[in-house]
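Asks: For reference, this is data01.txt, and it has compact mmCIF, C-alpha atoms.
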# COMPACT_ATOMS: atom_id res chain seq x y z
CA MET A 1 -19.90 2.16 16.69
CA THR A 2 -23.17 3.87 17.55
CA PRO A 3 -26.37 1.82 17.14
CA SER A 4 -29.06 3.55 15.10
CA ASP A 5 -32.66 3.84 16.30
CA VAL A 6 -33.65 2.55 12.87
CA LYS A 7 -33.37 -1.17 12.19
CA ALA A 8 -33.37 -3.10 8.93
CA THR A 9 -36.04 -5.76 8.45
CA LEU A 10 -35.16 -8.78 6.34
CA SER A 11 -38.20 -10.59 4.97
CA PHE A 12 -38.50 -13.74 2.84
CA SER A 13 -41.01 -14.54 0.12
CA ASP A 14 -41.02 -18.26 1.04
CA GLY A 15 -42.89 -17.71 4.30
CA SER A 16 -39.81 -17.90 6.55
CA PRO A 17 -40.05 -15.53 9.52
CA SER A 18 -38.56 -12.08 8.99
CA MET A 19 -35.78 -10.79 11.23
CA GLU A 20 -34.58 -7.41 12.40
CA LEU A 21 -30.96 -6.39 11.79
CA PRO A 22 -29.24 -3.68 13.84
CA ILE A 23 -27.83 -0.69 11.96
CA TYR A 24 -24.68 1.08 13.15
CA LYS A 25 -23.52 4.61 12.42
CA GLY A 26 -19.83 5.37 12.09
CA THR A 27 -18.35 8.79 12.77
CA ILE A 28 -18.71 9.50 9.06
CA GLY A 29 -19.55 7.38 6.04
CA PRO A 30 -22.37 4.96 5.17
CA GLU A 31 -24.41 3.20 7.83
CA VAL A 32 -23.64 -0.50 8.31
CA ILE A 33 -26.17 -3.32 8.67
CA ASP A 34 -25.07 -5.91 11.25
CA ILE A 35 -25.59 -9.40 9.78
CA ARG A 36 -23.63 -11.36 12.38
CA LYS A 37 -26.71 -13.27 13.55
CA LEU A 38 -28.04 -13.91 10.05
CA TYR A 39 -26.74 -17.47 9.68
CA GLY A 40 -27.65 -18.46 13.23
CA GLN A 41 -31.26 -17.32 12.82
CA THR A 42 -31.91 -18.12 9.16
CA GLY A 43 -29.27 -20.65 8.07
CA LYS A 44 -28.40 -18.32 5.19
CA PHE A 45 -25.23 -16.42 4.22
CA THR A 46 -24.82 -13.23 2.24
CA TYR A 47 -23.08 -13.31 -1.16
CA ASP A 48 -20.64 -10.46 -1.86
CA PRO A 49 -17.71 -11.33 -4.17
CA GLY A 50 -14.80 -8.97 -3.51
CA PHE A 51 -16.53 -7.75 -0.33
CA LEU A 52 -17.62 -4.59 -2.16
CA SER A 53 -20.63 -4.07 0.13
CA THR A 54 -19.27 -5.67 3.30
CA ALA A 55 -17.57 -3.95 6.23
CA SER A 56 -15.05 -6.53 7.43
CA CYS A 57 -14.09 -4.68 10.59
CA ASN A 58 -14.62 -1.70 12.88
CA SER A 59 -11.69 0.68 12.35
CA ALA A 60 -10.71 4.17 13.52
CA ILE A 61 -7.56 4.59 11.39
CA THR A 62 -8.27 5.66 7.81
CA TYR A 63 -11.37 6.99 6.06
CA ILE A 64 -11.93 7.34 2.31
CA ASP A 65 -14.81 9.06 0.54
CA GLY A 66 -14.31 8.09 -3.09
CA ASP A 67 -17.05 10.37 -4.42
CA LYS A 68 -15.61 13.46 -2.73
CA GLY A 69 -11.98 12.47 -3.35
CA GLU A 70 -11.26 12.55 0.39
CA LEU A 71 -8.63 10.62 2.39
CA LEU A 72 -8.25 11.03 6.16
CA TYR A 73 -5.62 9.52 8.47
CA ARG A 74 -7.07 9.52 12.01
CA GLY A 75 -9.33 12.40 10.92
CA TYR A 76 -6.59 14.55 9.36
CA PRO A 77 -6.88 15.30 5.60
CA ILE A 78 -4.02 13.81 3.62
CA GLU A 79 -3.41 17.22 2.02
CA GLN A 80 -2.56 18.76 5.40
CA LEU A 81 -0.38 15.86 6.55
CA ALA A 82 1.64 15.80 3.32
CA VAL A 83 2.35 19.53 3.55
CA ASN A 84 2.81 20.01 7.31
CA CYS A 85 4.23 16.69 8.58
CA ASP A 86 7.00 14.26 7.75
CA PHE A 87 6.68 10.51 7.35
CA LEU A 88 7.69 9.53 10.88
CA GLU A 89 5.16 11.97 12.36
CA THR A 90 2.58 10.30 10.13
CA CYS A 91 3.74 6.88 11.37
CA HIS A 92 3.26 8.02 14.98
CA LEU A 93 -0.24 9.24 14.09
CA LEU A 94 -1.26 5.96 12.46
CA LEU A 95 0.22 3.78 15.21
CA TYR A 96 -0.84 5.72 18.30
CA GLY A 97 -3.79 7.83 17.14
CA GLU A 98 -2.31 11.31 17.58
CA LEU A 99 0.35 13.48 15.99
CA PRO A 100 3.40 13.71 18.28
CA ASN A 101 4.50 16.82 20.12
CA SER A 102 8.19 17.74 19.87
CA ASP A 103 9.27 15.46 22.75
CA GLN A 104 7.19 12.55 21.52
CA LYS A 105 8.53 13.00 18.00
CA SER A 106 12.12 13.09 19.22
CA ASP A 107 11.58 9.88 21.21
CA PHE A 108 9.82 8.11 18.32
CA VAL A 109 12.44 9.14 15.75
CA ASN A 110 15.17 7.98 18.12
CA ARG A 111 13.53 4.56 18.57
CA VAL A 112 13.13 4.06 14.81
CA THR A 113 16.61 5.35 14.00
CA HIS A 114 18.28 2.92 16.40
CA HIS A 115 16.57 -0.10 14.89
CA THR A 116 17.54 0.49 11.25
CA MET A 117 20.32 -2.13 11.11
CA VAL A 118 19.43 -5.74 10.41
CA ASN A 119 21.05 -8.85 11.78
CA GLU A 120 24.25 -9.52 9.83
CA GLN A 121 23.06 -13.06 9.09
CA MET A 122 20.38 -11.52 6.86
CA HIS A 123 23.15 -10.85 4.33
CA PHE A 124 23.76 -14.58 3.96
CA PHE A 125 20.05 -15.25 3.64
CA LEU A 126 19.80 -12.64 0.88
CA ARG A 127 22.67 -14.22 -1.05
CA GLY A 128 20.57 -17.35 -1.50
CA PHE A 129 18.44 -15.52 -4.10
CA ARG A 130 19.32 -15.19 -7.75
CA ARG A 131 20.59 -11.69 -8.52
CA ASP A 132 17.94 -11.23 -11.23
CA ALA A 133 15.03 -12.14 -8.91
CA HIS A 134 12.21 -9.59 -8.75
CA PRO A 135 12.70 -7.36 -5.68
CA MET A 136 9.21 -8.24 -4.42
CA ALA A 137 10.07 -11.94 -4.45
CA VAL A 138 13.13 -11.09 -2.37
CA MET A 139 11.20 -8.76 -0.03
CA THR A 140 8.53 -11.38 0.66
CA GLY A 141 11.27 -13.73 1.82
CA LEU A 142 13.26 -11.15 3.77
CA VAL A 143 10.30 -9.76 5.72
CA GLY A 144 9.04 -13.23 6.59
CA ALA A 145 12.56 -14.18 7.69
CA LEU A 146 12.66 -11.34 10.24
CA SER A 147 10.67 -13.55 12.63
CA ALA A 148 13.58 -16.01 12.61
CA PHE A 149 16.03 -13.25 13.58
CA TYR A 150 13.86 -11.27 16.03
CA HIS A 151 11.90 -14.01 17.75
CA ASP A 152 11.79 -12.01 20.99
CA SER A 153 8.93 -9.92 19.55
CA THR A 154 6.73 -12.45 17.79
CA ASP A 155 3.85 -12.85 20.28
CA ILE A 156 1.02 -11.04 18.53
CA ASN A 157 -1.09 -11.12 21.70
CA ASN A 158 1.56 -9.25 23.70
CA ALA A 159 1.13 -5.46 23.32
CA GLU A 160 4.80 -4.82 24.10
CA HIS A 161 5.88 -7.36 21.47
CA ARG A 162 3.56 -5.76 18.91
CA ASP A 163 5.02 -2.33 19.60
CA ILE A 164 8.67 -3.37 19.30
CA ALA A 165 7.83 -5.38 16.15
CA ALA A 166 6.17 -2.25 14.72
CA ILE A 167 9.26 -0.14 15.37
CA ARG A 168 11.55 -2.82 13.96
CA LEU A 169 9.53 -3.21 10.78
CA ILE A 170 9.25 0.53 10.10
CA ALA A 171 12.98 0.97 10.80
CA LYS A 172 14.27 -2.03 8.85
CA MET A 173 12.13 -1.89 5.70
CA PRO A 174 14.28 0.82 4.03
CA THR A 175 17.40 -1.20 4.89
CA LEU A 176 15.91 -4.37 3.39
CA VAL A 177 14.73 -2.64 0.20
CA ALA A 178 18.16 -1.04 -0.27
CA MET A 179 19.86 -4.39 0.37
CA ALA A 180 17.65 -6.07 -2.25
CA TYR A 181 18.60 -3.34 -4.75
CA LYS A 182 22.33 -3.45 -4.00
CA TYR A 183 22.34 -7.23 -4.30
CA SER A 184 20.62 -7.07 -7.70
CA VAL A 185 23.26 -4.70 -9.12
CA GLY A 186 26.22 -6.43 -7.49
CA GLN A 187 27.22 -3.56 -5.21
CA PRO A 188 28.22 -3.77 -1.53
CA PHE A 189 25.52 -3.17 1.07
CA ILE A 190 25.55 0.30 2.64
CA TYR A 191 24.82 0.44 6.35
CA PRO A 192 22.35 3.04 7.70
CA LYS A 193 23.53 6.28 9.29
CA ASN A 194 21.75 7.50 12.40
CA ASP A 195 22.20 11.21 11.69
CA LEU A 196 20.11 11.17 8.50
CA SER A 197 16.36 11.48 8.03
CA TYR A 198 14.25 8.44 7.22
CA ALA A 199 14.05 9.27 3.50
CA GLY A 200 17.62 10.61 3.36
CA ASN A 201 18.97 7.45 4.97
CA PHE A 202 17.11 5.30 2.45
CA MET A 203 18.47 7.30 -0.49
CA ARG A 204 22.02 6.99 0.83
CA MET A 205 21.70 3.22 1.35
CA MET A 206 20.39 2.98 -2.22
CA PHE A 207 22.93 5.09 -4.05
CA ALA A 208 26.12 5.50 -1.98
CA THR A 209 29.10 3.18 -2.49
CA PRO A 210 32.29 2.57 -0.45
CA CYS A 211 34.08 4.65 -3.12
CA GLU A 212 32.03 7.80 -2.59
CA ASP A 213 29.24 8.97 -0.34
CA PHE A 214 25.89 10.20 -1.60
CA THR A 215 24.45 13.62 -0.81
CA VAL A 216 20.71 13.81 -1.34
CA SER A 217 19.00 16.96 -2.58
CA PRO A 218 16.50 18.37 -0.04
CA VAL A 219 13.90 18.54 -2.84
CA ILE A 220 14.39 14.83 -3.64
CA GLU A 221 14.43 13.91 0.06
CA ARG A 222 11.13 15.71 0.63
CA ALA A 223 9.62 14.18 -2.51
CA LEU A 224 10.41 10.65 -1.32
CA ASP A 225 9.12 11.46 2.16
CA ARG A 226 5.87 12.66 0.60
CA ILE A 227 5.55 9.46 -1.44
CA PHE A 228 5.86 7.51 1.83
CA ILE A 229 3.18 9.66 3.52
CA LEU A 230 0.72 9.32 0.64
CA HIS A 231 1.09 5.52 0.57
CA ALA A 232 1.16 4.92 4.35
CA ASP A 233 -2.41 3.58 4.61
CA HIS A 234 -5.51 3.28 2.46
CA GLU A 235 -8.26 1.67 4.52
CA GLN A 236 -9.31 -1.97 3.92
CA ASN A 237 -7.60 -2.58 0.57
CA ALA A 238 -6.49 -6.03 -0.60
CA SER A 239 -3.09 -6.11 1.12
CA THR A 240 -4.40 -4.60 4.37
CA SER A 241 -7.24 -7.11 4.44
CA THR A 242 -4.65 -9.83 3.81
CA VAL A 243 -2.59 -8.67 6.78
CA ARG A 244 -5.68 -8.62 8.99
CA LEU A 245 -6.83 -12.07 7.83
CA CYS A 246 -3.35 -13.53 8.24
CA GLY A 247 -2.90 -11.93 11.67
CA SER A 248 -6.31 -13.13 12.83
CA SER A 249 -4.89 -16.65 13.06
CA GLY A 250 -2.46 -15.46 15.74
CA THR A 251 0.63 -15.65 13.53
CA ASN A 252 3.53 -13.33 14.31
CA PRO A 253 3.58 -9.73 13.01
CA PHE A 254 6.49 -10.33 10.63
CA ALA A 255 4.65 -13.19 8.90
CA ALA A 256 1.47 -11.11 8.64
CA ILE A 257 3.35 -8.19 7.06
CA ALA A 258 5.13 -10.60 4.67
CA ALA A 259 1.66 -11.72 3.55
CA GLY A 260 0.81 -8.08 2.88
CA VAL A 261 3.99 -7.67 0.83
CA ALA A 262 3.05 -10.71 -1.28
CA CYS A 263 -0.46 -9.37 -1.90
CA LEU A 264 0.83 -5.90 -2.79
CA TRP A 265 2.95 -7.40 -5.55
CA GLY A 266 -0.13 -7.86 -7.76
CA PRO A 267 -0.31 -5.51 -10.79
CA ALA A 268 -3.88 -4.55 -9.86
CA HIS A 269 -2.67 -3.32 -6.46
CA GLY A 270 0.87 -2.20 -5.62
CA GLY A 271 2.24 -3.00 -9.05
CA ALA A 272 0.16 -0.26 -10.68
CA ASN A 273 2.94 2.35 -10.61
CA GLU A 274 5.34 -0.12 -12.23
CA ALA A 275 2.69 -0.91 -14.86
CA ALA A 276 2.14 2.82 -15.53
CA LEU A 277 5.81 3.42 -16.23
CA ASN A 278 6.06 0.29 -18.38
CA MET A 279 3.14 1.69 -20.40
CA LEU A 280 5.02 4.98 -20.94
CA GLU A 281 8.11 3.07 -22.07
CA ASP A 282 5.98 1.04 -24.51
CA ILE A 283 4.57 4.26 -26.02
CA GLN A 284 8.11 5.63 -26.22
CA LYS A 285 9.16 2.56 -28.22
CA MET A 286 6.20 3.13 -30.55
CA GLY A 287 7.53 6.60 -31.36
CA GLY A 288 6.96 8.73 -28.28
CA VAL A 289 4.88 11.90 -28.19
CA GLU A 290 4.05 11.68 -31.90
CA LYS A 291 2.34 8.33 -31.31
CA ILE A 292 0.16 9.41 -28.37
CA GLY A 293 -2.86 9.98 -30.62
CA GLU A 294 -2.54 6.46 -31.99
CA PHE A 295 -2.19 5.03 -28.47
CA ILE A 296 -5.22 6.96 -27.18
CA ALA A 297 -7.28 5.68 -30.11
CA GLN A 298 -6.34 2.12 -29.13
CA VAL A 299 -7.37 2.82 -25.51
CA LYS A 300 -10.77 4.05 -26.69
CA ASP A 301 -11.22 1.02 -28.95
CA LYS A 302 -12.89 -1.64 -26.80
CA SER A 303 -11.67 -4.44 -29.07
CA SER A 304 -7.96 -3.49 -28.75
CA ASN A 305 -7.28 -4.73 -25.17
CA VAL A 306 -4.95 -1.72 -24.71
CA LYS A 307 -5.30 -0.31 -21.19
CA LEU A 308 -4.45 3.12 -19.84
CA MET A 309 -2.40 2.42 -16.71
CA GLY A 310 -2.02 4.96 -13.91
CA PHE A 311 -5.36 6.64 -14.58
CA GLY A 312 -8.61 6.31 -12.63
CA HIS A 313 -9.05 4.48 -9.33
CA ARG A 314 -11.34 1.74 -8.05
CA VAL A 315 -12.30 3.77 -4.97
CA TYR A 316 -11.96 7.40 -6.05
CA LYS A 317 -14.75 8.36 -8.44
CA ASN A 318 -13.31 11.85 -8.43
CA TYR A 319 -9.71 13.08 -8.57
CA ASP A 320 -7.41 11.05 -6.30
CA PRO A 321 -6.45 13.55 -3.54
CA ARG A 322 -2.98 12.00 -3.36
CA ALA A 323 -2.50 12.60 -7.09
CA LYS A 324 -2.91 16.37 -6.66
CA LEU A 325 -0.03 16.39 -4.17
CA MET A 326 2.14 14.04 -6.21
CA ARG A 327 1.58 16.11 -9.37
CA GLU A 328 3.03 19.14 -7.59
CA THR A 329 5.93 17.07 -6.25
CA CYS A 330 6.51 15.51 -9.67
CA HIS A 331 6.99 18.89 -11.34
CA GLU A 332 9.26 20.07 -8.49
CA VAL A 333 11.49 17.01 -8.94
CA LEU A 334 11.66 17.29 -12.73
CA SER A 335 12.62 20.97 -12.37
CA GLU A 336 15.22 20.22 -9.69
CA LEU A 337 16.85 17.58 -11.88
CA GLY A 338 16.40 19.46 -15.16
CA LEU A 339 14.44 16.61 -16.70
CA HIS A 340 11.48 18.40 -18.28
CA ASN A 341 13.02 17.72 -21.71
CA ASP A 342 13.68 14.03 -21.04
CA PRO A 343 11.70 12.17 -23.77
CA LEU A 344 9.87 9.87 -21.35
CA PHE A 345 8.87 12.72 -19.03
CA LYS A 346 7.75 14.89 -21.95
CA LEU A 347 5.62 11.95 -23.02
CA ALA A 348 4.16 11.60 -19.51
CA MET A 349 3.24 15.29 -19.35
CA ALA A 350 1.66 15.14 -22.82
CA LEU A 351 -0.40 12.12 -21.78
CA GLU A 352 -1.42 13.90 -18.56
CA LYS A 353 -2.63 16.92 -20.60
CA ILE A 354 -4.75 14.74 -22.89
CA ALA A 355 -6.29 12.85 -19.97
CA LEU A 356 -7.23 16.08 -18.20
CA GLU A 357 -8.77 17.68 -21.30
CA ASP A 358 -10.12 14.90 -23.54
CA ASP A 359 -13.90 14.48 -23.08
CA TYR A 360 -13.56 10.68 -23.21
CA PHE A 361 -11.37 10.62 -20.10
CA VAL A 362 -13.01 13.52 -18.29
CA ALA A 363 -16.49 11.99 -18.69
CA ARG A 364 -15.22 8.70 -17.27
CA LYS A 365 -13.20 10.49 -14.57
CA LEU A 366 -10.02 8.74 -15.71
CA TYR A 367 -7.75 11.27 -14.06
CA PRO A 368 -4.05 10.58 -13.44
CA ASN A 369 -3.75 8.77 -10.11
CA VAL A 370 -1.01 8.67 -7.49
CA ASP A 371 0.67 5.69 -9.19
CA PHE A 372 1.15 7.66 -12.41
CA TYR A 373 3.03 10.48 -10.71
CA SER A 374 4.92 8.43 -8.11
CA GLY A 375 6.30 6.21 -10.87
CA ILE A 376 7.59 9.25 -12.76
CA VAL A 377 9.16 10.72 -9.60
CA GLN A 378 10.88 7.47 -8.63
CA ARG A 379 12.31 6.98 -12.11
CA ALA A 380 13.54 10.58 -12.10
CA ILE A 381 15.49 10.08 -8.87
CA GLY A 382 17.10 6.89 -10.14
CA ILE A 383 14.98 4.14 -8.60
CA PRO A 384 14.57 1.24 -11.06
CA THR A 385 11.04 0.36 -12.15
CA SER A 386 11.25 -3.13 -10.63
CA LEU A 387 11.75 -1.56 -7.19
CA PHE A 388 8.66 0.68 -7.24
CA THR A 389 6.39 -1.86 -5.54
CA ALA A 390 9.02 -2.60 -2.89
CA ASN A 391 9.05 1.12 -2.05
CA PHE A 392 5.26 1.00 -1.84
CA ALA A 393 5.57 -1.89 0.64
CA LEU A 394 8.10 0.11 2.63
CA ALA A 395 5.63 3.00 2.95
CA ARG A 396 2.54 0.84 3.57
CA THR A 397 4.19 -1.19 6.36
CA VAL A 398 3.13 1.30 9.03
CA GLY A 399 -0.49 1.15 7.85
CA TRP A 400 -0.46 -2.63 7.88
CA ILE A 401 0.94 -2.67 11.41
CA ALA A 402 -1.55 -0.09 12.68
CA GLN A 403 -4.44 -2.09 11.20
CA LEU A 404 -3.07 -5.36 12.59
CA ASN A 405 -2.60 -3.91 16.08
CA GLU A 406 -6.09 -2.41 16.02
CA MET A 407 -7.59 -5.77 15.10
CA ILE A 408 -5.73 -7.69 17.80
CA ALA A 409 -6.80 -5.14 20.44
CA ASP A 410 -10.46 -5.30 19.34
CA PRO A 411 -12.46 -7.41 21.84
CA GLU A 412 -14.76 -8.47 18.99
CA TYR A 413 -11.99 -9.83 16.79
CA LYS A 414 -12.22 -13.43 15.59
CA ILE A 415 -10.20 -15.51 13.19
CA GLY A 416 -11.29 -14.63 9.66
CA ARG A 417 -13.51 -17.25 8.03
CA PRO A 418 -15.30 -16.10 4.84
CA ARG A 419 -18.21 -18.23 3.64
CA GLN A 420 -18.98 -19.45 0.13
CA LEU A 421 -21.77 -20.22 -2.29
CA PHE A 422 -20.93 -23.80 -3.25
CA SER A 423 -21.65 -24.70 -6.89
CA GLY A 424 -19.70 -27.96 -7.22
CA ALA A 425 -20.84 -31.58 -7.44
CA ALA A 426 -23.55 -32.89 -5.15
CA PRO A 427 -22.59 -35.81 -2.86
CA ARG A 428 -21.65 -38.91 -4.88
CA MET A 429 -20.08 -42.32 -4.31
CA VAL A 430 -16.55 -43.37 -5.29
CA LYS A 431 -16.62 -46.25 -7.77
CA PRO A 432 -13.90 -48.91 -7.95
CA ILE A 433 -11.26 -47.98 -10.51
CA GLY A 434 -12.47 -50.64 -12.91
CA GLU A 435 -15.98 -49.12 -13.06
CA ARG A 436 -14.97 -45.48 -13.63
Let me see the file written as structure tokens.
Replies:
Amino acid sequence: MTPSDVKATLSFSDGSPSMELPIYKGTIGPEVIDIRKLYGQTGKFTYDPGFLSTASCNSAITYIDGDKGELLYRGYPIEQLAVNCDFLETCHLLLYGELPNSDQKSDFVNRVTHHTMVNEQMHFFLRGFRRDAHPMAVMTGLVGALSAFYHDSTDINNAEHRDIAAIRLIAKMPTLVAMAYKYSVGQPFIYPKNDLSYAGNFMRMMFATPCEDFTVSPVIERALDRIFILHADHEQNASTSTVRLCGSSGTNPFAAIAAGVACLWGPAHGGANEAALNMLEDIQKMGGVEKIGEFIAQVKDKSSNVKLMGFGHRVYKNYDPRAKLMRETCHEVLSELGLHNDPLFKLAMALEKIALEDDYFVARKLYPNVDFYSGIVQRAIGIPTSLFTANFALARTVGWIAQLNEMIADPEYKIGRPRQLFSGAAPRMVKPIGER
């Protein structure tokens, strides 16, 4: 942070003395007013529900400019990373600040690859769940349980522990997601293979059986890898803030990441791609492409409560830069699998066309977002809708860890303690039960 020569002056109309507040400039982005001494000097708090105008931390990992439709990981545009790098290179960048050279990449890939198996006892833990449990309910339990199996790397204040926990989490998340899927469909677990890529290994663990192996298409493998890259981090969103807040208490990394998984489950956050595909299936049940006009009319009708899922974004007031990349990948996958004539995908493409051309959506900048396209791609490659958010958690794990590690290493970090504007009862006396 660089202090600005300009300071903000806070004055009060009740005659209380004014105070000066430092202003800091980041590398890019809005200036930030430092209010840390506000309560100590004035006895007052700020009020900011949802923290929409509050910088909760000082971070050098991810930058978003919603108006420009810009997303940077460690300064690199997401468009360049998604085209020129693979997911594990992106993981190295987020964790350590730089893209790896060939030797560093080889070492990092080797470390991740040799941590992909999970303790065999995890199988017994998994069997305690009902087979029809939502995968995110299972994943919340499995990730939290890792601290019981790998308690040699649970000291969040030990840099070496944090690093080995990071590698373990990145390596084991695909194994856990695949285990949750296999358990739900009653198939045997498939162990990881060290000679496959990160995405290829995940696909094999998902879809191979002891009866026959699974060979993944390079187009599908690259598409899944790109989904992971595009979801790897997204600044101080709800789940990332949850991980930071949870980790600020000093809890172990596995517990903090499990908290992030639980937060991501919400339909307003990680569940958006699942909601988008459910919306498409609902339109299909109504009559498919022929009923799109009727559905769009309901969306435009404020009294209908019908929502267009997978379009627009809380942060991006322009086109989501990740959506441009996923749109390209989506069409590649549909072509590779010959699915352009699949009724649901024809419906999705028709809805995309309307949203990009209809003045109602264009004026409101309700463009298709990354969730819309990633849901279509995942369904096309055989991943069930209920597993979409678990895949999101798999991809976002590296971002959560990078943010957690950055916070712990920050000399200014403190346990999170938001304040409140209390509007409850004033102090009162408890009456004996007979007088109430």
Asks: As AutoDock Vina command-line options, please: the centre and edge lengths in Å, to one decimal, of an axis-aligned box enclosing every listed atom of range 8-24 of chain A with 8 Å added on each side.
Replies:
--center_x -33.8 --center_y -8.6 --center_z 7.0 --size_x 34.2 --size_y 35.3 --size_z 29.7
Asks: Taking only C-alpha atoms into account, name the residue in A:Val299, A:Met326, A:Leu99, A:Ala380 that is nearest to Leu230 in chain A.
Replies: A:Met326
Asks: Counting all atoms listed in the file, what is within 8 Å of range 267-276 of chain A, bar same-chain residues fewer than 3 positions away, as a list in words?
Replies: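 Result of the neighbour search: Ala238, Cys263, Leu264, Met279, Leu280, Leu308, Met309, Gly310, Asp371, Phe372, Ser374, Gly375, Thr385, Ser386, Phe388, Thr389, Phe392 and Ala393 of chain A.
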Asks: Grab the CA of Val219 in chain A to CA of Glu332 in chain A distance for me, in Å with one decimal place.
Replies: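 Taking CA of Val219 in chain A and CA of Glu332 in chain A, their separation equals 7.5 Å.
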Asks: Contacts of range 115-131 of chain A at 7 Å or less, counting only C-alpha atoms, minus same-chain residues fewer than 2 places along, as number ranges by chain?
Replies: A: 111-113, 133, 149, 168, 171-172, 175, 183-184, 192
